[in-house]
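Structure first, then comments.
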Amino acid sequence: MDVRPAGIHHVTAIASDPQANADFYLKALGMRLVKKTVNFDAPDTYHLYYGDRAGNPGTIMTFFPWPNAPKGRLGAGQATTTSFAVPEGSLGWWQEHLASLGLETSRPVERLGEDVLSLHDPDGLVIELVATADYHETEPWDGGGIPPQHAIRGIRGITLTEHELDSTASMLSGKLGFGLAAELGDRYRFHTDDAGAGVGTVVDVIADRRARTGLVAAGTVHHVAYRAPDQPTQVEWQQSLAGDGVGVTEIRDRSYFTSIYFREPGGVLLEIATDGPGFDYDEPLLQLGRKLRLPPWLEPQRAEIERHLPELVVDEHGTAPRSAATATTEEADQ
């Protein structure tokens, strides 16, 4: 079987304060909190998932927020930028919106035929808004205060920073099925040839031999996940990677998808995640993200887990949080 990528499934990063993280992605970017759970491997911290209305693959940004986490360092061997697709002509609106919240942005710049606006989240994670027509229609969340004509349509792509290009390019264009589409200085753009992917189809590689090695901590990306439509395809990925001598994990159950993990030659952690069963697996679509969800094997520890998690207050529309004194009983019970 010729295994090919079907675009990005999600990007996972590390944050510090979960409240500041939620405020930014819900209010500033207008995304939906589609799942509030915990890191299954370290359940003393949240795992927060943001996406479109239904949390469709390709729209999902997730975080492990560890309070008081040390500051990370951007550098080689990392995914150093996460880019979100917005409709063409939207960047002026986004500049005004973000400025109204006191958030600084770059001036829009043209890069490889697209207009790009850059900013940082509360932990310094580099975010880009890319005005492009190259996406399939998703279901932007209409509860976050962002007009639908400007709303984020999913993850456009990621940028990897590497000490050298060749080994990473070899895996992208060989094993992972990406093709080199454009070059601009030390930036090399790779694009999946799957026209049906819609979002998450771009990988930019910046080759910089002088870059210091990155440190994964708060404000940096932990891993990038690519899509497999189903578990048989995921198994094909696993066998294909292992057959080429790539160290790949066993299949791990993440409740909303299953996952395998491996590193590309430059050191960036990659994941292959299945499209299903999806985020409405354990709660109705209209109630996504309202309550803390735990997998069955952690449910007996719920009381202890909830005692150790910091307070996180959001409302169902992703607007500015209310104080504990004004929170509803339902929110307080979350």
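By order of appearance in the structure tokens: chains A, B, ..., then residues from 1 within every chain, and ligands from 1 in the order shown.
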
Mind listing the alpha helix (DSSP H) residues of stretch 190-298 of chain A, per DSSP on the backbone, as a PyMOL selection string?
-> chain A and resi 231-243

Proximity check stretch 5-49 of chain A to stretch 286-296 of chain A, 10 Å, nearest pairs one decimal Å, only C-alpha atoms, as a Markdown table:
| residue | atom | partner | partner_atom | distance |
| --- | --- | --- | --- | --- |
| A:Arg32 | CA | A:Gly289 | CA | 8.1 |
| A:Leu33 | CA | A:Gly289 | CA | 5.2 |
| A:Val34 | CA | A:Gly289 | CA | 4.6 |
| A:Lys35 | CA | A:Gly289 | CA | 4.2 |
| A:Lys36 | CA | A:Gly289 | CA | 5.1 |
| A:Thr37 | CA | A:Arg293 | CA | 4.9 |
| A:Val38 | CA | A:Leu294 | CA | 7.0 |
| A:Asn39 | CA | A:Leu294 | CA | 9.6 |
| A:Phe40 | CA | A:Pro295 | CA | 8.0 |
| A:Pro43 | CA | A:Leu294 | CA | 9.3 |
| A:Tyr46 | CA | A:Leu292 | CA | 9.1 |
| A:His47 | CA | A:Leu292 | CA | 9.9 |
| A:Leu48 | CA | A:Gly289 | CA | 8.6 |
| A:Tyr49 | CA | A:Gly289 | CA | 8.2 |

Mind dumping the selected residues with N, CA, C and O atoms as a PDB file, in the first residue's frame?
ATOM      1  N   ARG A  32     -13.404  27.063  19.053  1.00  0.00           N
ATOM      2  CA  ARG A  32     -14.286  26.408  20.018  1.00  0.00           C
ATOM      3  C   ARG A  32     -13.485  25.431  20.874  1.00  0.00           C
ATOM      4  O   ARG A  32     -12.621  24.703  20.370  1.00  0.00           O
ATOM      5  N   LEU A  33     -13.762  25.419  22.177  1.00  0.00           N
ATOM      6  CA  LEU A  33     -13.211  24.395  23.041  1.00  0.00           C
ATOM      7  C   LEU A  33     -14.012  23.116  22.798  1.00  0.00           C
ATOM      8  O   LEU A  33     -15.137  22.972  23.277  1.00  0.00           O
ATOM      9  N   VAL A  34     -13.433  22.200  22.022  1.00  0.00           N
ATOM     10  CA  VAL A  34     -14.183  21.007  21.634  1.00  0.00           C
ATOM     11  C   VAL A  34     -13.960  19.844  22.593  1.00  0.00           C
ATOM     12  O   VAL A  34     -14.720  18.873  22.566  1.00  0.00           O
ATOM     13  N   LYS A  35     -12.939  19.946  23.433  1.00  0.00           N
ATOM     14  CA  LYS A  35     -12.743  18.897  24.423  1.00  0.00           C
ATOM     15  C   LYS A  35     -11.897  19.431  25.573  1.00  0.00           C
ATOM     16  O   LYS A  35     -10.840  20.027  25.365  1.00  0.00           O
ATOM     17  N   LYS A  36     -12.407  19.205  26.781  1.00  0.00           N
ATOM     18  CA  LYS A  36     -11.656  19.501  28.001  1.00  0.00           C
ATOM     19  C   LYS A  36     -11.399  18.176  28.692  1.00  0.00           C
ATOM     20  O   LYS A  36     -12.299  17.565  29.265  1.00  0.00           O
ATOM     21  N   THR A  37     -10.168  17.694  28.591  1.00  0.00           N
ATOM     22  CA  THR A  37      -9.808  16.434  29.202  1.00  0.00           C
ATOM     23  C   THR A  37      -8.442  16.600  29.860  1.00  0.00           C
ATOM     24  O   THR A  37      -8.057  17.725  30.208  1.00  0.00           O
ATOM     25  N   VAL A  38      -7.731  15.498  30.074  1.00  0.00           N
ATOM     26  CA  VAL A  38      -6.408  15.563  30.676  1.00  0.00           C
ATOM     27  C   VAL A  38      -5.410  14.862  29.768  1.00  0.00           C
ATOM     28  O   VAL A  38      -5.776  14.092  28.876  1.00  0.00           O
ATOM     29  N   ASN A  39      -4.151  15.138  30.014  1.00  0.00           N
ATOM     30  CA  ASN A  39      -3.081  14.405  29.344  1.00  0.00           C
ATOM     31  C   ASN A  39      -3.148  12.960  29.839  1.00  0.00           C
ATOM     32  O   ASN A  39      -2.943  12.692  31.016  1.00  0.00           O
ATOM     33  N   PHE A  40      -3.463  12.037  28.952  1.00  0.00           N
ATOM     34  CA  PHE A  40      -3.663  10.646  29.375  1.00  0.00           C
ATOM     35  C   PHE A  40      -2.399  10.044  29.980  1.00  0.00           C
ATOM     36  O   PHE A  40      -2.473   9.109  30.781  1.00  0.00           O
ATOM     37  N   PRO A  43      -2.010  12.744  33.938  1.00  0.00           N
ATOM     38  CA  PRO A  43      -3.344  13.302  34.181  1.00  0.00           C
ATOM     39  C   PRO A  43      -3.414  14.407  35.230  1.00  0.00           C
ATOM     40  O   PRO A  43      -4.507  14.827  35.601  1.00  0.00           O
ATOM     41  N   TYR A  46      -4.338  19.464  32.293  1.00  0.00           N
ATOM     42  CA  TYR A  46      -5.370  19.434  31.269  1.00  0.00           C
ATOM     43  C   TYR A  46      -4.791  19.052  29.906  1.00  0.00           C
ATOM     44  O   TYR A  46      -3.591  19.221  29.641  1.00  0.00           O
ATOM     45  N   HIS A  47      -5.657  18.575  29.043  1.00  0.00           N
ATOM     46  CA  HIS A  47      -5.402  18.547  27.606  1.00  0.00           C
ATOM     47  C   HIS A  47      -6.594  19.260  26.984  1.00  0.00           C
ATOM     48  O   HIS A  47      -7.723  18.755  27.029  1.00  0.00           O
ATOM     49  N   LEU A  48      -6.348  20.460  26.455  1.00  0.00           N
ATOM     50  CA  LEU A  48      -7.393  21.302  25.901  1.00  0.00           C
ATOM     51  C   LEU A  48      -7.321  21.254  24.382  1.00  0.00           C
ATOM     52  O   LEU A  48      -6.259  21.464  23.790  1.00  0.00           O
ATOM     53  N   TYR A  49      -8.478  20.998  23.756  1.00  0.00           N
ATOM     54  CA  TYR A  49      -8.573  20.901  22.299  1.00  0.00           C
ATOM     55  C   TYR A  49      -9.436  22.043  21.777  1.00  0.00           C
ATOM     56  O   TYR A  49     -10.582  22.202  22.201  1.00  0.00           O
TER      57      TYR A  49
END

Write out as a PDB file with N, CA, C and O atoms, in the first residue's frame which residues come within 7 Å of A:Thr201 when counting only C-alpha atoms, dropping same-chain ones fewer than 6 positions away.
ATOM      1  N   GLY A   7      -3.093  15.433   5.096  1.00  0.00           N
ATOM      2  CA  GLY A   7      -3.099  16.721   5.778  1.00  0.00           C
ATOM      3  C   GLY A   7      -2.909  16.580   7.276  1.00  0.00           C
ATOM      4  O   GLY A   7      -2.868  15.488   7.836  1.00  0.00           O
ATOM      5  N   ILE A   8      -2.812  17.727   7.928  1.00  0.00           N
ATOM      6  CA  ILE A   8      -2.612  17.760   9.370  1.00  0.00           C
ATOM      7  C   ILE A   8      -3.905  17.370  10.078  1.00  0.00           C
ATOM      8  O   ILE A   8      -4.990  17.794   9.689  1.00  0.00           O
ATOM      9  N   ARG A 156      -3.458  25.866   8.268  1.00  0.00           N
ATOM     10  CA  ARG A 156      -2.898  25.947   6.921  1.00  0.00           C
ATOM     11  C   ARG A 156      -1.668  25.052   6.802  1.00  0.00           C
ATOM     12  O   ARG A 156      -1.499  24.327   5.824  1.00  0.00           O
ATOM     13  N   GLY A 157      -0.803  25.115   7.802  1.00  0.00           N
ATOM     14  CA  GLY A 157       0.410  24.303   7.765  1.00  0.00           C
ATOM     15  C   GLY A 157       1.306  24.630   8.940  1.00  0.00           C
ATOM     16  O   GLY A 157       0.938  25.370   9.853  1.00  0.00           O
ATOM     17  N   HIS A 191       4.332  20.413  -0.139  1.00  0.00           N
ATOM     18  CA  HIS A 191       2.872  20.384  -0.201  1.00  0.00           C
ATOM     19  C   HIS A 191       2.423  18.960  -0.484  1.00  0.00           C
ATOM     20  O   HIS A 191       2.980  18.289  -1.345  1.00  0.00           O
ATOM     21  N   THR A 192       1.431  18.485   0.277  1.00  0.00           N
ATOM     22  CA  THR A 192       0.889  17.176  -0.027  1.00  0.00           C
ATOM     23  C   THR A 192       0.158  17.223  -1.360  1.00  0.00           C
ATOM     24  O   THR A 192      -0.437  18.233  -1.714  1.00  0.00           O
TER      25      THR A 192
END

Show which residues sit within 7 Å of stretch 268-285 of chain A, as number ranges by chain. Count only C-alpha atoms, and ignore same-chain residues fewer than 2 positions away.
-> A: 9, 34-35, 54-55, 57, 77-79, 223-231, 234, 256-264, 266, 287-288

Can you pull out every residue within 7 Å of stretch 114-126 of chain A, counting only C-alpha atoms, but drop anything in the same chain fewer than 3 positions away, and send it as a VMD selection string?
-> chain A and resid 15 to 16 20 to 21 24 80 to 82 91 104 to 111 129 to 132 218 to 220

Surrounding residues of stretch 139-148 of chain A excluding itself and chain neighbours under 4 positions, 12 Å, only C-alpha atoms, as a PyMOL selection string | chain A and resi 22-34+50-60+85-87+90+93-94+97-98+135+152-154+286+288+314-320

Could you state the separation of atom CA of A:Met171 and atom CA of A:Ser240 in Å, given to one decimal place?
-> 12.3 Å

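Going from atom CA of A:Thr45 to atom CA of A:Arg73 covers 21.2 Å.
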
Looking at A:Pro265, A:Gly75, A:Gly185, A:Pro18, which one is nearest to A:Val246, with distances taken over only C-alpha atoms?
-> A:Pro265

Would you mind reading off the distance between atom CA of A:Gly214 and atom CA of A:Leu160, one decimal, in Å?
->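 Taking atom CA of A:Gly214 as the start and atom CA of A:Leu160 as the end point, the length is 11.1 Å.
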